[in-house]
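One file, target20.cif, carrying mmCIF, C-alpha atoms and all ligand atoms:
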```
data_final
loop_
_atom_site.group_PDB
_atom_site.id
_atom_site.type_symbol
_atom_site.label_atom_id
_atom_site.label_comp_id
_atom_site.auth_asym_id
_atom_site.auth_seq_id
_atom_site.Cartn_x
_atom_site.Cartn_y
_atom_site.Cartn_z
ATOM 1 C CA MET A 1 14.997 -38.232 -3.415
ATOM 2 C CA LEU A 2 14.399 -34.622 -2.283
ATOM 3 C CA ASN A 3 10.753 -33.627 -1.799
ATOM 4 C CA ILE A 4 10.093 -29.974 -2.568
ATOM 5 C CA GLY A 5 7.018 -27.891 -1.792
ATOM 6 C CA ILE A 6 6.474 -24.706 -3.783
ATOM 7 C CA LEU A 7 4.763 -21.554 -2.501
ATOM 8 C CA VAL A 8 3.111 -19.365 -5.168
ATOM 9 C CA SER A 9 0.705 -16.428 -5.472
ATOM 10 C CA GLY A 10 0.373 -15.543 -9.152
ATOM 11 C CA GLY A 11 1.057 -16.643 -12.741
ATOM 12 C CA GLY A 12 3.588 -19.280 -11.767
ATOM 13 C CA SER A 13 6.231 -18.729 -14.453
ATOM 14 C CA ASN A 14 8.941 -19.552 -11.904
ATOM 15 C CA LEU A 15 7.047 -22.719 -10.928
ATOM 16 C CA GLN A 16 6.920 -23.629 -14.640
ATOM 17 C CA ALA A 17 10.685 -23.137 -14.972
ATOM 18 C CA ILE A 18 11.228 -25.564 -12.069
ATOM 19 C CA ILE A 19 8.734 -28.126 -13.456
ATOM 20 C CA ASP A 20 10.452 -27.990 -16.874
ATOM 21 C CA LYS A 21 13.957 -28.468 -15.380
ATOM 22 C CA VAL A 22 12.772 -31.422 -13.276
ATOM 23 C CA GLU A 23 10.863 -33.069 -16.141
ATOM 24 C CA CYS A 24 13.770 -32.718 -18.612
ATOM 25 C CA GLY A 25 16.112 -34.341 -16.065
ATOM 26 C CA TYR A 26 18.379 -31.295 -15.555
ATOM 27 C CA ILE A 27 17.413 -31.346 -11.864
ATOM 28 C CA LYS A 28 17.797 -34.942 -10.639
ATOM 29 C CA ASN A 29 16.426 -36.782 -7.576
ATOM 30 C CA VAL A 30 13.896 -34.049 -6.894
ATOM 31 C CA ARG A 31 10.120 -34.490 -6.655
ATOM 32 C CA ILE A 32 7.639 -31.571 -6.563
ATOM 33 C CA VAL A 33 5.148 -33.054 -4.086
ATOM 34 C CA THR A 34 2.898 -30.043 -3.476
ATOM 35 C CA VAL A 35 2.151 -26.496 -4.657
ATOM 36 C CA VAL A 36 0.570 -24.108 -2.159
ATOM 37 C CA SER A 37 -0.957 -20.825 -3.306
ATOM 38 C CA SER A 38 -1.834 -17.817 -1.158
ATOM 39 C CA ARG A 39 -4.619 -17.060 -3.694
ATOM 40 C CA PRO A 40 -7.338 -19.445 -4.938
ATOM 41 C CA ASP A 41 -7.321 -17.920 -8.445
ATOM 42 C CA ALA A 42 -3.547 -18.133 -9.050
ATOM 43 C CA TYR A 43 -2.783 -19.472 -12.542
ATOM 44 C CA ALA A 44 0.167 -21.282 -10.946
ATOM 45 C CA LEU A 45 -2.368 -23.828 -9.587
ATOM 46 C CA GLU A 46 -3.467 -24.543 -13.169
ATOM 47 C CA ARG A 47 0.155 -25.161 -14.163
ATOM 48 C CA ALA A 48 0.551 -27.625 -11.266
ATOM 49 C CA LYS A 49 -2.658 -29.444 -12.220
ATOM 50 C CA LYS A 50 -1.462 -29.799 -15.848
ATOM 51 C CA HIS A 51 1.621 -31.629 -14.534
ATOM 52 C CA GLY A 52 -0.216 -33.858 -12.061
ATOM 53 C CA ILE A 53 1.073 -31.978 -8.993
ATOM 54 C CA LYS A 54 -1.259 -31.599 -5.998
ATOM 55 C CA GLY A 55 -2.132 -27.914 -5.588
ATOM 56 C CA ILE A 56 -3.983 -26.196 -2.756
ATOM 57 C CA CYS A 57 -4.793 -22.668 -1.592
ATOM 58 C CA ILE A 58 -3.883 -21.793 1.989
ATOM 59 C CA SER A 59 -4.757 -18.114 2.304
ATOM 60 C CA ARG A 60 -3.495 -15.858 5.083
ATOM 61 C CA LYS A 61 -6.980 -14.277 5.139
ATOM 62 C CA ASN A 62 -8.461 -17.461 6.604
ATOM 63 C CA PHE A 63 -6.355 -17.283 9.762
ATOM 64 C CA SER A 64 -6.716 -14.841 12.640
ATOM 65 C CA ASN A 65 -2.960 -14.512 13.184
ATOM 66 C CA ILE A 66 0.418 -15.331 11.604
ATOM 67 C CA GLU A 67 1.104 -18.126 14.129
ATOM 68 C CA GLU A 68 -1.977 -20.077 13.007
ATOM 69 C CA TYR A 69 -1.081 -19.470 9.350
ATOM 70 C CA ASP A 70 2.472 -20.720 9.948
ATOM 71 C CA GLU A 71 1.165 -23.846 11.730
ATOM 72 C CA ALA A 72 -1.182 -24.598 8.820
ATOM 73 C CA LEU A 73 1.683 -24.364 6.317
ATOM 74 C CA ILE A 74 4.046 -26.377 8.536
ATOM 75 C CA SER A 75 1.554 -29.218 9.003
ATOM 76 C CA HIS A 76 0.725 -29.225 5.290
ATOM 77 C CA PHE A 77 4.412 -29.535 4.286
ATOM 78 C CA LYS A 78 5.098 -32.062 7.032
ATOM 79 C CA GLY A 79 2.181 -34.115 5.679
ATOM 80 C CA PHE A 80 4.010 -34.275 2.330
ATOM 81 C CA GLU A 81 7.433 -34.880 3.984
ATOM 82 C CA VAL A 82 8.781 -31.755 2.302
ATOM 83 C CA ASP A 83 12.576 -31.351 2.589
ATOM 84 C CA LEU A 84 12.896 -27.990 0.831
ATOM 85 C CA VAL A 85 10.348 -25.163 0.543
ATOM 86 C CA VAL A 86 10.667 -22.882 -2.492
ATOM 87 C CA MET A 87 9.038 -19.428 -2.539
ATOM 88 C CA ALA A 88 8.381 -18.865 -6.257
ATOM 89 C CA GLY A 89 6.584 -15.528 -6.691
ATOM 90 C CA PHE A 90 4.990 -15.943 -3.224
ATOM 91 C CA LEU A 91 3.590 -12.654 -1.894
ATOM 92 C CA SER A 92 2.520 -13.585 1.650
ATOM 93 C CA ILE A 93 4.738 -13.065 4.731
ATOM 94 C CA LEU A 94 6.033 -16.144 6.604
ATOM 95 C CA GLY A 95 6.285 -15.813 10.379
ATOM 96 C CA GLU A 96 8.790 -16.842 13.015
ATOM 97 C CA ARG A 97 7.356 -20.326 13.565
ATOM 98 C CA PHE A 98 7.659 -21.205 9.879
ATOM 99 C CA THR A 99 11.110 -19.701 9.303
ATOM 100 C CA ARG A 100 12.374 -21.465 12.439
ATOM 101 C CA ALA A 101 10.783 -24.834 11.481
ATOM 102 C CA TYR A 102 12.354 -24.710 7.990
ATOM 103 C CA LYS A 103 15.589 -22.845 8.821
ATOM 104 C CA GLY A 104 18.159 -23.547 6.055
ATOM 105 C CA ARG A 105 15.468 -25.392 4.043
ATOM 106 C CA VAL A 106 13.433 -22.523 2.533
ATOM 107 C CA ILE A 107 14.605 -20.365 -0.390
ATOM 108 C CA ASN A 108 13.109 -17.359 -2.193
ATOM 109 C CA ILE A 109 13.487 -15.624 -5.563
ATOM 110 C CA HIS A 110 13.565 -11.817 -5.443
ATOM 111 C CA PRO A 111 13.382 -9.756 -8.679
ATOM 112 C CA ALA A 112 16.280 -7.407 -7.894
ATOM 113 C CA LEU A 113 19.974 -7.565 -6.903
ATOM 114 C CA ILE A 114 19.757 -7.730 -3.088
ATOM 115 C CA PRO A 115 20.539 -5.588 -1.027
ATOM 116 C CA SER A 116 19.111 -3.097 -3.573
ATOM 117 C CA PHE A 117 15.359 -2.684 -4.046
ATOM 118 C CA CYS A 118 14.321 -5.302 -1.503
ATOM 119 C CA GLY A 119 12.602 -5.662 1.868
ATOM 120 C CA LYS A 120 9.111 -4.659 3.010
ATOM 121 C CA GLY A 121 6.986 -3.294 0.146
ATOM 122 C CA PHE A 122 9.361 -4.444 -2.636
ATOM 123 C CA TYR A 123 7.465 -7.197 -4.437
ATOM 124 C CA GLY A 124 6.038 -8.022 -7.901
ATOM 125 C CA ILE A 125 6.390 -5.042 -10.315
ATOM 126 C CA ILE A 126 7.476 -2.502 -7.641
ATOM 127 C CA PRO A 127 11.264 -3.234 -7.687
ATOM 128 C CA HIS A 128 11.257 -2.713 -11.463
ATOM 129 C CA GLN A 129 9.401 0.609 -11.151
ATOM 130 C CA LYS A 130 11.927 1.788 -8.545
ATOM 131 C CA VAL A 131 14.896 0.652 -10.660
ATOM 132 C CA LEU A 132 13.641 2.720 -13.619
ATOM 133 C CA GLU A 133 12.816 5.753 -11.438
ATOM 134 C CA ALA A 134 16.380 5.654 -10.050
ATOM 135 C CA GLY A 135 17.934 5.441 -13.539
ATOM 136 C CA ILE A 136 19.736 2.203 -12.682
ATOM 137 C CA LYS A 137 21.619 0.548 -15.606
ATOM 138 C CA VAL A 138 21.966 -2.984 -14.265
ATOM 139 C CA THR A 139 19.413 -4.911 -12.202
ATOM 140 C CA GLY A 140 18.692 -8.648 -11.978
ATOM 141 C CA ALA A 141 17.418 -11.291 -9.565
ATOM 142 C CA THR A 142 18.533 -13.034 -6.384
ATOM 143 C CA VAL A 143 17.893 -16.433 -4.806
ATOM 144 C CA HIS A 144 18.497 -16.488 -1.049
ATOM 145 C CA PHE A 145 17.796 -18.567 2.041
ATOM 146 C CA VAL A 146 14.781 -17.209 3.915
ATOM 147 C CA GLU A 147 14.949 -15.725 7.393
ATOM 148 C CA LEU A 148 12.305 -13.841 9.351
ATOM 149 C CA GLU A 149 13.354 -10.439 7.932
ATOM 150 C CA ALA A 150 12.148 -10.132 4.312
ATOM 151 C CA ASP A 151 14.864 -10.653 1.654
ATOM 152 C CA ALA A 152 17.633 -10.698 4.312
ATOM 153 C CA GLY A 153 18.852 -14.328 4.291
ATOM 154 C CA PRO A 154 22.226 -15.549 2.902
ATOM 155 C CA ILE A 155 22.453 -15.169 -0.877
ATOM 156 C CA ILE A 156 22.770 -18.367 -2.951
ATOM 157 C CA LEU A 157 22.794 -17.042 -6.554
ATOM 158 C CA GLN A 158 22.403 -13.706 -8.370
ATOM 159 C CA LYS A 159 22.192 -12.842 -12.069
ATOM 160 C CA ALA A 160 22.511 -9.372 -13.594
ATOM 161 C CA VAL A 161 20.260 -8.013 -16.338
ATOM 162 C CA CYS A 162 20.820 -4.785 -18.309
ATOM 163 C CA VAL A 163 18.178 -2.049 -18.231
ATOM 164 C CA GLU A 164 17.254 -0.735 -21.709
ATOM 165 C CA ASP A 165 16.567 2.960 -22.353
ATOM 166 C CA ASP A 166 13.033 2.283 -23.554
ATOM 167 C CA ASP A 167 12.126 -0.147 -20.760
ATOM 168 C CA THR A 168 8.805 0.022 -18.947
ATOM 169 C CA PRO A 169 8.338 -1.770 -15.584
ATOM 170 C CA GLU A 170 6.547 -4.539 -17.492
ATOM 171 C CA THR A 171 9.217 -5.059 -20.183
ATOM 172 C CA LEU A 172 11.959 -4.992 -17.540
ATOM 173 C CA GLN A 173 10.055 -7.473 -15.312
ATOM 174 C CA ARG A 174 9.665 -9.821 -18.288
ATOM 175 C CA ARG A 175 13.374 -9.697 -19.144
ATOM 176 C CA VAL A 176 14.463 -10.206 -15.528
ATOM 177 C CA MET A 177 12.238 -13.282 -15.341
ATOM 178 C CA GLU A 178 13.452 -14.685 -18.697
ATOM 179 C CA GLN A 179 17.167 -13.918 -18.319
ATOM 180 C CA ALA A 180 17.594 -14.349 -14.553
ATOM 181 C CA GLU A 181 14.768 -15.764 -12.423
ATOM 182 C CA TRP A 182 13.846 -18.794 -14.564
ATOM 183 C CA GLU A 183 17.524 -19.748 -14.646
ATOM 184 C CA ILE A 184 18.827 -19.164 -11.108
ATOM 185 C CA LEU A 185 15.859 -20.534 -9.121
ATOM 186 C CA PRO A 186 15.992 -24.036 -10.699
ATOM 187 C CA GLU A 187 19.804 -23.884 -10.453
ATOM 188 C CA ALA A 188 19.653 -23.137 -6.722
ATOM 189 C CA ILE A 189 17.335 -26.142 -6.243
ATOM 190 C CA ARG A 190 19.766 -28.366 -8.191
ATOM 191 C CA LEU A 191 22.705 -27.204 -6.044
ATOM 192 C CA PHE A 192 20.696 -27.772 -2.829
ATOM 193 C CA ALA A 193 19.629 -31.241 -4.011
ATOM 194 C CA GLU A 194 23.257 -32.145 -4.763
ATOM 195 C CA ASN A 195 24.389 -30.873 -1.309
ATOM 196 C CA LYS A 196 26.618 -28.277 -2.972
ATOM 197 C CA LEU A 197 25.596 -25.345 -0.752
ATOM 198 C CA VAL A 198 27.531 -24.539 2.434
ATOM 199 C CA VAL A 199 26.316 -21.641 4.581
ATOM 200 C CA GLU A 200 29.089 -19.890 6.546
ATOM 201 C CA GLY A 201 27.572 -17.001 8.480
ATOM 202 C CA ARG A 202 26.147 -14.569 5.890
ATOM 203 C CA LYS A 203 27.913 -16.298 3.004
ATOM 204 C CA VAL A 204 26.844 -19.295 0.911
ATOM 205 C CA LYS A 205 29.718 -21.252 -0.621
ATOM 206 C CA ILE A 206 29.058 -23.465 -3.681
ATOM 207 C CA ILE A 207 31.254 -26.593 -3.422
HETATM 208 C C1 LIG A 301 8.343 -12.576 -10.452
HETATM 209 O O1 LIG A 301 9.115 -11.483 -10.866
HETATM 210 C C2 LIG A 301 8.684 -12.877 -9.020
HETATM 211 O O2 LIG A 301 10.043 -12.653 -8.677
HETATM 212 C C3 LIG A 301 7.813 -11.889 -8.327
HETATM 213 O O3 LIG A 301 6.579 -11.932 -9.017
HETATM 214 C C4 LIG A 301 6.864 -12.195 -10.388
HETATM 215 C C5 LIG A 301 5.890 -13.242 -10.924
HETATM 216 O O4 LIG A 301 6.319 -14.499 -10.640
HETATM 217 N N1 LIG A 301 7.622 -12.169 -6.934
HETATM 218 P P1 LIG A 301 5.575 -15.844 -11.193
HETATM 219 O O5 LIG A 301 5.353 -15.700 -12.672
HETATM 220 O O6 LIG A 301 4.294 -15.967 -10.436
HETATM 221 O O7 LIG A 301 6.551 -16.937 -10.882
#
```
Could you render the structure from this file as structure tokens?
Amino acid sequence: MLNIGILVSGGGSNLQAIIDKVECGYIKNVRIVTVVSSRPDAYALERAKKHGIKGICISRKNFSNIEEYDEALISHFKGFEVDLVVMAGFLSILGERFTRAYKGRVINIHPALIPSFCGKGFYGIIPHQKVLEAGIKVTGATVHFVELEADAGPIILQKAVCVEDDDTPETLQRRVMEQAEWEILPEAIRLFAENKLVVEGRKVKII
């Protein structure tokens, strides 16, 4: 059984997609043991509660530096014997101690096709605004292993989504979540749980 811990900050639609795929049996031998939010008012915590999953807020604001914040997250996940950490719409930065402690065992969903529209400052609705400003025709989402540099880890899965002429950042964000994020994040967890991911340098092979 693989214990996963999920990091969230907002509405939690990606968390819901994972919960649904675990509960319907599509993802096997996986248990969501804890949900950690960077914000106390995140609706994602409500979603966890509705499914009997222990939720907690560990906010960066309550720590004087990133090292202390990392240690708090590490000890929380160790307390739940977490094997894989999933960043699902998580908007806080993880530091060196955390990314080293969970190297190869923490993944993130990014709402664009990395290496485009990613890195520092590209989170939430911003990638979609930039995609529209640049007149891009195809965008999408990416699941990748997490390293210290934001959005720079080896890519596990990507899915493309067409941009419509009358799109707003909000309508595009919604479609990228529906057609890409909610599909590839649970799929990446399934592949990890079934030991089907092999990292070779910058590449991730699916066996
Ligand atoms: C998603 O597009 C996610 O990629 C981004 O924030 C949006 C909201 O995610 N980081 P969720 O509904 O909280 O999962």
- Query: If you apply the PyMOL selection byres (((chain A and resi 89-93) around 6) and not hetatm) to this file, what residues do you get, as a list in words?
  - Reply: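 With the PyMOL selection byres (((chain A and resi 89-93) around 6) and not hetatm) on this model, the match is Leu7, Val8, Ser9, Met87, Ala88 and Leu94 of chain A.
Among the candidates A:Gly25, A:Pro154, A:Pro169, A:Pro115, the residue lying nearest to ligand LIG 301 (chain A) is A:Pro169 (atoms considered: all atoms listed in the file).
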Please build the interface table for chain A against ligand LIG 301 (chain A) with a cut-off of 6 Å, listing for each qualifying residue the nearest atom pair and the distance in Å to one decimal; count only C-alpha atoms and all ligand atoms, order rows by chain and increasing number, and write it as a tab-separated table.
```
residue	atom	partner	partner_atom	distance
A:Gly10	CA	A:LIG301	O6	4.1
A:Gly11	CA	A:LIG301	O6	4.0
A:Gly12	CA	A:LIG301	O6	3.6
A:Ser13	CA	A:LIG301	O5	3.6
A:Asn14	CA	A:LIG301	O7	3.7
A:Leu15	CA	A:LIG301	O7	5.8
A:Ala88	CA	A:LIG301	O7	5.3
A:Gly89	CA	A:LIG301	N1	3.5
A:Phe90	CA	A:LIG301	N1	5.9
A:Ile109	CA	A:LIG301	O2	5.5
A:His110	CA	A:LIG301	O2	4.9
A:Pro111	CA	A:LIG301	O2	4.4
A:Tyr123	CA	A:LIG301	N1	5.6
A:Gly124	CA	A:LIG301	O3	4.1
A:Met177	CA	A:LIG301	O1	5.7
```
- Item | Answer key for the PyMOL selection byres (((chain A and resi 67) around 12) and not hetatm), residues as a ChimeraX atom specification | /A:60,63-66,68-74,93-100
- Check the smallest atom-to-atom distance from each of A:Val22, A:Ala180, A:Val143, A:Leu132 to A:Glu164 using only C-alpha atoms, then report the winner.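 Using only C-alpha atoms, the shortest distance to A:Glu164 belongs to A:Leu132.
For the atom pair formed by atom CA of A:Ala141 and atom CA of A:Ile19, the distance is 19.3 Å, given to one decimal.
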- Message: Please enumerate the residues selected by the PyMOL selection byres (((chain A and resi 139) around 9) and not hetatm) when evaluated against the supplied file, formatted as a ChimeraX atom specification.
- Response: /A:111-113,116,128,131,136-138,140-141,159-163,176
Go ahead and write the residues just picked, C-alpha atoms, as a compact mmCIF listing (two decimals), keeping the file's coordinate frame.
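Saved result, result-v1.txt, follows:
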```txt
# COMPACT_ATOMS: atom_id res chain seq x y z
CA PRO A 111 13.38 -9.76 -8.68
CA ALA A 112 16.28 -7.41 -7.89
CA LEU A 113 19.97 -7.56 -6.90
CA SER A 116 19.11 -3.10 -3.57
CA HIS A 128 11.26 -2.71 -11.46
CA VAL A 131 14.90 0.65 -10.66
CA ILE A 136 19.74 2.20 -12.68
CA LYS A 137 21.62 0.55 -15.61
CA VAL A 138 21.97 -2.98 -14.26
CA GLY A 140 18.69 -8.65 -11.98
CA ALA A 141 17.42 -11.29 -9.56
CA LYS A 159 22.19 -12.84 -12.07
CA ALA A 160 22.51 -9.37 -13.59
CA VAL A 161 20.26 -8.01 -16.34
CA CYS A 162 20.82 -4.78 -18.31
CA VAL A 163 18.18 -2.05 -18.23
CA VAL A 176 14.46 -10.21 -15.53
```
- Note on the structure: Of A:Ser38, A:Asn62, A:Gln173, A:Asn29, the one sitting nearest A:Leu191 when using only C-alpha atoms is A:Asn29
- In terms of the shortest atom-to-atom distance over only C-alpha atoms, which of A:Lys196, A:His76, A:Arg174, A:Arg202 is closest to A:Val33? A:His76
- For A:Asp151, which residue among A:Glu133, A:Ala193, A:Val106, A:Ser59 is the nearest when counting only C-alpha atoms?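 Nearest to A:Asp151: A:Val106.
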- atom CA of A:Glu23 and atom CA of A:Ile206, how far apart in Å?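 Going from atom CA of A:Ile206 over to atom CA of A:Glu23 covers 24.1 Å.
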- Task: Point out the residue among A:Asn108, A:Ser75, A:Thr34, A:Asn3 with the least atom-to-atom distance to A:Ala152, counting all atoms listed in the file.
- Result: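 The shortest atom-to-atom distance to A:Ala152 comes from A:Asn108.
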- Task: Report the distance between atom CA of A:Val36 and atom CA of A:Val199 in Å, rounded to one decimal place.
- Result: 26.7 Å
Listed atoms of stretch 175-181 of chain A boxed along x, y and z, 6 Å each side, centre and edge lengths in Å, one decimal, as JSON:
```
{"center_x": 14.9, "center_y": -12.7, "center_z": -15.8, "size_x": 17.4, "size_y": 18.1, "size_z": 18.7}
```
